[in-house]
file work.tsv (TSV, C-alpha atoms)
chain	number	residue	atom	x	y	z
A	1	THR	CA	19.59	5.00	-29.18
A	2	THR	CA	16.79	2.64	-28.14
A	3	THR	CA	18.11	2.45	-24.59
A	4	THR	CA	18.26	6.25	-24.38
A	5	THR	CA	14.67	6.55	-25.59
A	6	LYS	CA	13.46	4.03	-23.02
A	7	THR	CA	15.41	5.78	-20.29
A	8	ASN	CA	13.95	9.16	-21.29
A	9	GLU	CA	10.42	7.69	-21.37
A	10	LEU	CA	10.99	6.15	-17.97
A	11	ASN	CA	12.24	9.44	-16.55
A	12	ILE	CA	9.23	11.31	-17.92
A	13	ASN	CA	6.82	8.75	-16.48
A	14	THR	CA	8.64	8.67	-13.17
A	15	ASN	CA	8.71	12.47	-12.98
A	16	CYS	CA	5.00	12.63	-13.81
A	17	TRP	CA	4.20	10.10	-11.09
A	18	TRP	CA	6.46	11.93	-8.63
A	19	ASN	CA	4.61	15.22	-9.24
A	20	ILE	CA	1.25	13.55	-8.67
A	21	TRP	CA	2.62	11.89	-5.53
A	22	MET	CA	3.99	15.15	-4.11
A	23	ASN	CA	0.70	16.96	-4.76
A	24	ILE	CA	-1.15	14.24	-2.86
A	25	GLU	CA	1.38	14.36	-0.03
A	26	ASN	CA	1.02	18.12	0.26
A	27	ASP	CA	-2.79	17.79	0.39
A	28	ARG	CA	-3.20	19.69	-2.88
A	29	ILE	CA	-5.14	16.89	-4.57
A	30	MET	CA	-6.82	15.17	-1.62
A	31	PRO	CA	-6.95	17.21	1.59
A	32	GLN	CA	-7.17	15.57	5.02
A	33	SER	CA	-10.93	16.19	5.16
A	34	HIS	CA	-11.27	13.93	2.09
A	35	ASP	CA	-9.34	11.18	3.93
A	36	ASN	CA	-11.65	11.41	6.93
A	37	GLN	CA	-14.69	11.24	4.69
A	38	ILE	CA	-13.40	8.11	2.91
A	39	ILE	CA	-12.59	6.41	6.22
A	40	GLU	CA	-16.04	7.11	7.69
A	41	GLN	CA	-17.88	6.03	4.53
A	42	SER	CA	-15.87	2.81	4.29
A	43	ARG	CA	-16.81	1.78	7.83
A	44	GLN	CA	-20.37	1.21	6.56
A	45	LEU	CA	-19.29	-1.12	3.73
A	46	SER	CA	-19.09	-4.88	3.89
A	47	ILE	CA	-15.74	-6.59	4.34
A	48	THR	CA	-14.10	-7.56	1.03
A	49	LYS	CA	-11.19	-9.47	2.58
A	50	SER	CA	-10.01	-10.10	6.12
A	51	GLY	CA	-7.36	-12.08	7.91
A	52	TRP	CA	-4.26	-12.10	10.08
A	53	LEU	CA	-1.15	-10.34	8.82
A	54	TYR	CA	1.97	-9.00	10.51
A	55	LYS	CA	2.67	-5.27	10.40
A	56	GLN	CA	5.92	-3.60	11.29
A	57	GLY	CA	5.45	-0.75	13.74
A	58	LYS	CA	6.15	2.82	12.71
A	59	TRP	CA	8.39	3.66	15.68
A	60	ALA	CA	9.01	0.33	17.39
A	61	THR	CA	9.92	-1.77	14.38
A	62	ALA	CA	8.92	-5.10	15.90
A	63	TRP	CA	6.46	-7.17	13.84
A	64	LYS	CA	2.98	-7.24	15.38
A	65	ARG	CA	0.23	-9.63	14.45
A	66	ARG	CA	-2.89	-7.69	13.46
A	67	TRP	CA	-6.34	-8.52	12.13
A	68	PHE	CA	-6.87	-6.73	8.80
A	69	GLU	CA	-10.19	-5.90	7.14
A	70	LEU	CA	-10.59	-4.38	3.69
A	71	ARG	CA	-13.74	-2.29	3.32
A	72	GLY	CA	-14.06	-0.37	0.08
A	73	SER	CA	-10.77	1.45	-0.49
A	74	VAL	CA	-9.71	1.42	3.17
A	75	LEU	CA	-7.66	-1.27	4.90
A	76	TYR	CA	-8.30	-1.28	8.66
A	77	TYR	CA	-6.16	-3.12	11.17
A	78	PHE	CA	-7.12	-4.26	14.66
A	79	LYS	CA	-5.35	-5.83	17.61
A	80	ASN	CA	-7.78	-8.77	17.64
A	81	SER	CA	-10.39	-10.30	15.36
A	82	GLY	CA	-13.81	-9.00	16.38
A	83	ASP	CA	-12.53	-5.70	17.78
A	84	THR	CA	-14.71	-2.73	16.87
A	85	ASN	CA	-12.08	-0.02	17.37
A	86	ASP	CA	-9.35	-0.15	14.76
A	87	ARG	CA	-5.70	0.52	15.59
A	88	GLY	CA	-5.29	2.32	12.28
A	89	SER	CA	-6.36	2.54	8.66
A	90	ILE	CA	-4.72	2.83	5.26
A	91	ILE	CA	-6.49	4.59	2.40
A	92	LEU	CA	-5.62	2.59	-0.69
A	93	GLU	CA	-6.85	5.05	-3.34
A	94	VAL	CA	-3.41	6.64	-3.59
A	95	ALA	CA	-1.35	3.62	-2.54
A	96	TYR	CA	0.79	1.27	-4.49
A	97	ILE	CA	1.67	-2.23	-3.48
A	98	ARG	CA	5.06	-3.82	-4.06
A	99	ASP	CA	7.18	-6.70	-2.88
A	100	CYS	CA	9.36	-5.95	0.10
A	101	PRO	CA	12.84	-7.14	-0.93
A	102	HIS	CA	14.65	-6.13	2.25
A	103	ALA	CA	12.58	-7.97	4.86
A	104	GLU	CA	12.19	-11.55	5.99
A	105	PRO	CA	10.33	-13.73	5.26
A	106	LEU	CA	11.24	-12.59	1.76
A	107	ASN	CA	8.51	-14.26	-0.33
A	108	GLN	CA	5.76	-13.40	2.12
A	109	CYS	CA	6.47	-9.69	2.66
A	110	PHE	CA	5.02	-6.71	0.79
A	111	GLU	CA	4.81	-2.95	1.19
A	112	ILE	CA	1.81	-0.66	1.05
A	113	CYS	CA	3.18	2.73	0.02
A	114	ILE	CA	1.18	5.88	0.61
A	115	PRO	CA	2.50	9.44	0.36
A	116	LYS	CA	3.28	9.85	4.05
A	117	ARG	CA	4.30	6.31	5.03
A	118	VAL	CA	5.37	2.88	3.88
A	119	PHE	CA	3.71	-0.05	5.67
A	120	ASN	CA	5.72	-3.27	5.81
A	121	ILE	CA	3.39	-6.26	5.93
A	122	TYR	CA	3.90	-10.00	5.80
A	123	ALA	CA	1.60	-12.99	5.63
A	124	GLU	CA	2.03	-16.44	7.12
A	125	SER	CA	2.41	-18.03	3.68
A	126	PHE	CA	3.46	-17.13	0.16
A	127	GLU	CA	-0.04	-17.92	-1.16
A	128	GLU	CA	-1.70	-15.68	1.43
A	129	ALA	CA	0.69	-12.81	0.60
A	130	ARG	CA	-0.08	-13.14	-3.14
A	131	SER	CA	-3.82	-13.19	-2.40
A	132	TRP	CA	-3.59	-9.98	-0.35
A	133	ILE	CA	-1.38	-8.28	-2.95
A	134	SER	CA	-3.82	-9.15	-5.73
A	135	THR	CA	-6.86	-7.91	-3.78
A	136	LEU	CA	-5.18	-4.71	-2.56
A	137	THR	CA	-3.79	-3.86	-6.00
A	138	LYS	CA	-7.31	-3.97	-7.45
A	139	THR	CA	-8.35	-1.36	-4.87
A	140	THR	CA	-5.60	1.17	-5.57
A	141	VAL	CA	-5.43	4.03	-8.07
A	142	PRO	CA	-5.95	2.91	-11.70
A	143	ARG	CA	-2.82	1.14	-12.87
A	144	ALA	CA	-2.34	3.61	-15.75
A	145	TYR	CA	-1.05	6.12	-13.22
A	146	VAL	CA	1.53	3.81	-11.69
A	147	VAL	CA	4.92	3.30	-13.26
A	148	GLN	CA	6.34	-0.10	-12.41
A	149	VAL	CA	10.07	-0.41	-12.78
A	150	ASP	CA	12.27	-3.46	-12.47
A	151	ILE	CA	14.87	-2.17	-9.99
A	152	ASN	CA	17.58	-4.42	-11.40
A	153	THR	CA	17.20	-3.38	-15.04
A	154	GLN	CA	15.52	0.05	-14.65
A	155	GLN	CA	13.06	-0.91	-17.40
A	156	GLN	CA	9.30	-1.00	-17.39
A	157	PRO	CA	7.79	-4.46	-17.61
A	158	PRO	CA	6.35	-5.53	-21.00

call {"tool": "encode", "arguments": {"input": "work.tsv", "output": "structure tokens"}}
result
Amino acid sequence: TTTTTKTNELNINTNCWWNIWMNIENDRIMPQSHDNQIIEQSRQLSITKSGWLYKQGKWATAWKRRWFELRGSVLYYFKNSGDTNDRGSIILEVAYIRDCPHAEPLNQCFEICIPKRVFNIYAESFEEARSWISTLTKTTVPRAYVVQVDINTQQQPP
């Protein structure tokens, strides 16, 4: 009976999160104009964290070394350090960060998941990856809204 209860609770939480996620994806909660406003406002903020990371391309899946800068709730990436025109940006307000179990180097890879895309990222060391994960996680939506599930056991962490 206990297992059933936990499973039902997990399903309810997962379904609740899924509904929120789908509303965001369909621009019902945060329309595109809100995204543009966040990106422009964040450009004026000081850099919280910066450094070299590798990002897997969306279409050409080769790993590319990029300079990343976190400003407010937006993570910008550039071709080179010191560039003023970013190659892209990731709004972290609605993102969740997780380990990337299917990519190498295994202990250095993580994913930034947003409604319309999953970004595969890896750092040059385990310590650097953990530092980025910790910083980025603090920037995302309040943790109360995120359901973390151990994929192997399908249970929420304690």

call {"tool": "closest_residue", "arguments": {"input": "work.tsv", "among": "A:Ser89, A:Gln44, A:Ser134, A:Thr139", "to": "A:Tyr76", "atoms": "all atoms listed in the file"}}
result
A:Ser89

call {"tool": "closest_residue", "arguments": {"input": "work.tsv", "among": "A:Glu69, A:Asp99, A:Glu128, A:Asp35", "to": "A:Cys113", "atoms": "all atoms listed in the file"}}
result
A:Asp99

call {"tool": "atom_distance", "arguments": {"input": "work.tsv", "atom1": "atom CA of A:Trp59", "atom2": "atom CA of A:Ile121"}}
result
14.8 Å

call {"tool": "closest_residue", "arguments": {"input": "work.tsv", "among": "A:Ile90, A:Leu136, A:Asn120, A:Asn85", "to": "A:His102", "atoms": "only C-alpha atoms"}}
result
A:Asn120

call {"tool": "atom_distance", "arguments": {"input": "work.tsv", "atom1": "atom CA of A:Val74", "atom2": "atom CA of A:Asn107"}}
result
24.3 Å

call {"tool": "closest_residue", "arguments": {"input": "work.tsv", "among": "A:Ser42, A:Thr48, A:Thr137, A:Asn80", "to": "A:Tyr96", "atoms": "only C-alpha atoms"}}
result
A:Thr137

call {"tool": "atom_distance", "arguments": {"input": "work.tsv", "atom1": "atom CA of A:Gln108", "atom2": "atom CA of A:Ser125"}}
result
5.9 Å

call {"tool": "closest_residue", "arguments": {"input": "work.tsv", "among": "A:Ile91, A:Ile112, A:Leu53, A:Ile133", "to": "A:Arg66", "atoms": "only C-alpha atoms"}}
result
A:Leu53

call {"tool": "decode", "arguments": {"input": "work.tsv", "residues": "stretch 84-119 of chain A", "atoms": "N, CA, C and O atoms", "output": "mmCIF file, in the first residue's frame"}}
result
data_model
loop_
_atom_site.group_PDB
_atom_site.id
_atom_site.type_symbol
_atom_site.label_atom_id
_atom_site.label_comp_id
_atom_site.auth_asym_id
_atom_site.auth_seq_id
_atom_site.Cartn_x
_atom_site.Cartn_y
_atom_site.Cartn_z
ATOM 1 N N THR A 84 30.917 40.678 -27.909
ATOM 2 C CA THR A 84 29.764 41.453 -27.430
ATOM 3 C C THR A 84 28.447 40.924 -27.992
ATOM 4 O O THR A 84 27.392 41.173 -27.414
ATOM 5 N N ASN A 85 28.498 40.206 -29.088
ATOM 6 C CA ASN A 85 27.283 39.621 -29.666
ATOM 7 C C ASN A 85 27.209 38.149 -29.307
ATOM 8 O O ASN A 85 28.052 37.362 -29.729
ATOM 9 N N ASP A 86 26.170 37.806 -28.539
ATOM 10 C CA ASP A 86 26.034 36.408 -28.122
ATOM 11 C C ASP A 86 25.572 35.536 -29.282
ATOM 12 O O ASP A 86 24.953 36.018 -30.233
ATOM 13 N N ARG A 87 25.884 34.252 -29.189
ATOM 14 C CA ARG A 87 25.433 33.267 -30.171
ATOM 15 C C ARG A 87 24.046 32.740 -29.805
ATOM 16 O O ARG A 87 23.361 32.155 -30.628
ATOM 17 N N GLY A 88 23.663 32.949 -28.544
ATOM 18 C CA GLY A 88 22.361 32.503 -28.075
ATOM 19 C C GLY A 88 22.208 32.784 -26.594
ATOM 20 O O GLY A 88 23.147 33.221 -25.926
ATOM 21 N N SER A 89 21.017 32.525 -26.089
ATOM 22 C CA SER A 89 20.740 32.742 -24.669
ATOM 23 C C SER A 89 19.726 31.720 -24.195
ATOM 24 O O SER A 89 18.918 31.206 -24.976
ATOM 25 N N ILE A 90 19.787 31.434 -22.906
ATOM 26 C CA ILE A 90 18.877 30.475 -22.286
ATOM 27 C C ILE A 90 18.260 31.153 -21.072
ATOM 28 O O ILE A 90 18.975 31.554 -20.151
ATOM 29 N N ILE A 91 16.949 31.297 -21.076
ATOM 30 C CA ILE A 91 16.252 31.881 -19.927
ATOM 31 C C ILE A 91 16.065 30.773 -18.900
ATOM 32 O O ILE A 91 15.430 29.751 -19.167
ATOM 33 N N LEU A 92 16.627 30.980 -17.727
ATOM 34 C CA LEU A 92 16.655 29.932 -16.710
ATOM 35 C C LEU A 92 15.458 29.941 -15.770
ATOM 36 O O LEU A 92 15.315 29.030 -14.969
ATOM 37 N N GLU A 93 14.590 30.941 -15.869
ATOM 38 C CA GLU A 93 13.440 31.014 -14.960
ATOM 39 C C GLU A 93 12.582 29.756 -15.019
ATOM 40 O O GLU A 93 12.014 29.340 -14.026
ATOM 41 N N VAL A 94 12.438 29.181 -16.190
ATOM 42 C CA VAL A 94 11.576 28.013 -16.353
ATOM 43 C C VAL A 94 12.379 26.756 -16.670
ATOM 44 O O VAL A 94 11.833 25.769 -17.124
ATOM 45 N N ALA A 95 13.672 26.802 -16.408
ATOM 46 C CA ALA A 95 14.538 25.666 -16.727
ATOM 47 C C ALA A 95 14.700 24.749 -15.524
ATOM 48 O O ALA A 95 14.441 25.142 -14.392
ATOM 49 N N TYR A 96 15.100 23.538 -15.806
ATOM 50 C CA TYR A 96 15.621 22.697 -14.740
ATOM 51 C C TYR A 96 16.903 22.056 -15.229
ATOM 52 O O TYR A 96 17.103 21.846 -16.414
ATOM 53 N N ILE A 97 17.781 21.836 -14.269
ATOM 54 C CA ILE A 97 19.121 21.367 -14.553
ATOM 55 C C ILE A 97 19.227 19.932 -14.043
ATOM 56 O O ILE A 97 18.781 19.631 -12.945
ATOM 57 N N ARG A 98 19.813 19.065 -14.864
ATOM 58 C CA ARG A 98 19.984 17.676 -14.425
ATOM 59 C C ARG A 98 21.251 17.094 -15.047
ATOM 60 O O ARG A 98 21.762 17.612 -16.042
ATOM 61 N N ASP A 99 21.733 16.042 -14.421
ATOM 62 C CA ASP A 99 22.876 15.330 -14.979
ATOM 63 C C ASP A 99 22.491 14.754 -16.325
ATOM 64 O O ASP A 99 21.326 14.457 -16.577
ATOM 65 N N CYS A 100 23.461 14.588 -17.168
ATOM 66 C CA CYS A 100 23.246 14.084 -18.522
ATOM 67 C C CYS A 100 23.827 12.672 -18.596
ATOM 68 O O CYS A 100 25.010 12.505 -18.882
ATOM 69 N N PRO A 101 23.027 11.650 -18.302
ATOM 70 C CA PRO A 101 23.553 10.292 -18.173
ATOM 71 C C PRO A 101 23.949 9.626 -19.487
ATOM 72 O O PRO A 101 24.638 8.623 -19.474
ATOM 73 N N HIS A 102 23.566 10.178 -20.613
ATOM 74 C CA HIS A 102 23.810 9.498 -21.884
ATOM 75 C C HIS A 102 24.957 10.099 -22.687
ATOM 76 O O HIS A 102 25.157 9.747 -23.839
ATOM 77 N N ALA A 103 25.700 11.026 -22.105
ATOM 78 C CA ALA A 103 26.771 11.677 -22.859
ATOM 79 C C ALA A 103 28.110 11.514 -22.154
ATOM 80 O O ALA A 103 28.176 11.323 -20.944
ATOM 81 N N GLU A 104 29.160 11.588 -22.908
ATOM 82 C CA GLU A 104 30.516 11.555 -22.371
ATOM 83 C C GLU A 104 31.098 12.956 -22.470
ATOM 84 O O GLU A 104 30.801 13.668 -23.433
ATOM 85 N N PRO A 105 31.909 13.389 -21.570
ATOM 86 C CA PRO A 105 32.352 12.706 -20.355
ATOM 87 C C PRO A 105 31.240 12.702 -19.303
ATOM 88 O O PRO A 105 30.682 13.740 -18.968
ATOM 89 N N LEU A 106 30.927 11.537 -18.824
ATOM 90 C CA LEU A 106 29.748 11.288 -17.992
ATOM 91 C C LEU A 106 29.660 12.197 -16.768
ATOM 92 O O LEU A 106 28.644 12.823 -16.534
ATOM 93 N N ASN A 107 30.696 12.302 -15.971
ATOM 94 C CA ASN A 107 30.639 13.069 -14.724
ATOM 95 C C ASN A 107 30.742 14.568 -14.920
ATOM 96 O O ASN A 107 30.629 15.325 -13.980
ATOM 97 N N GLN A 108 30.970 14.996 -16.139
ATOM 98 C CA GLN A 108 31.158 16.414 -16.396
ATOM 99 C C GLN A 108 30.025 16.997 -17.238
ATOM 100 O O GLN A 108 30.040 18.170 -17.567
ATOM 101 N N CYS A 109 29.035 16.207 -17.583
ATOM 102 C CA CYS A 109 27.979 16.629 -18.490
ATOM 103 C C CYS A 109 26.688 16.903 -17.719
ATOM 104 O O CYS A 109 26.369 16.211 -16.755
ATOM 105 N N PHE A 110 25.952 17.931 -18.145
ATOM 106 C CA PHE A 110 24.644 18.212 -17.563
ATOM 107 C C PHE A 110 23.729 18.773 -18.645
ATOM 108 O O PHE A 110 24.181 19.156 -19.719
ATOM 109 N N GLU A 111 22.441 18.775 -18.351
ATOM 110 C CA GLU A 111 21.445 19.287 -19.290
ATOM 111 C C GLU A 111 20.746 20.484 -18.686
ATOM 112 O O GLU A 111 20.460 20.519 -17.493
ATOM 113 N N ILE A 112 20.466 21.456 -19.531
ATOM 114 C CA ILE A 112 19.610 22.578 -19.166
ATOM 115 C C ILE A 112 18.336 22.383 -19.982
ATOM 116 O O ILE A 112 18.355 22.475 -21.202
ATOM 117 N N CYS A 113 17.256 22.084 -19.289
ATOM 118 C CA CYS A 113 15.994 21.752 -19.952
ATOM 119 C C CYS A 113 15.041 22.941 -19.856
ATOM 120 O O CYS A 113 14.724 23.414 -18.762
ATOM 121 N N ILE A 114 14.617 23.410 -21.009
ATOM 122 C CA ILE A 114 13.598 24.445 -21.082
ATOM 123 C C ILE A 114 12.460 23.869 -21.927
ATOM 124 O O ILE A 114 12.640 22.839 -22.576
ATOM 125 N N PRO A 115 11.287 24.481 -21.919
ATOM 126 C CA PRO A 115 10.154 23.867 -22.613
ATOM 127 C C PRO A 115 10.384 23.516 -24.080
ATOM 128 O O PRO A 115 9.897 22.514 -24.553
ATOM 129 N N LYS A 116 11.151 24.305 -24.798
ATOM 130 C CA LYS A 116 11.277 24.046 -26.235
ATOM 131 C C LYS A 116 12.594 23.413 -26.646
ATOM 132 O O LYS A 116 12.821 23.174 -27.821
ATOM 133 N N ARG A 117 13.482 23.120 -25.670
ATOM 134 C CA ARG A 117 14.778 22.558 -26.037
ATOM 135 C C ARG A 117 15.504 22.020 -24.814
ATOM 136 O O ARG A 117 15.276 22.480 -23.705
ATOM 137 N N VAL A 118 16.372 21.066 -25.055
ATOM 138 C CA VAL A 118 17.282 20.573 -24.034
ATOM 139 C C VAL A 118 18.699 20.878 -24.510
ATOM 140 O O VAL A 118 19.092 20.484 -25.606
ATOM 141 N N PHE A 119 19.449 21.603 -23.681
ATOM 142 C CA PHE A 119 20.832 21.945 -24.005
ATOM 143 C C PHE A 119 21.759 20.962 -23.298
ATOM 144 O O PHE A 119 21.711 20.842 -22.078
#
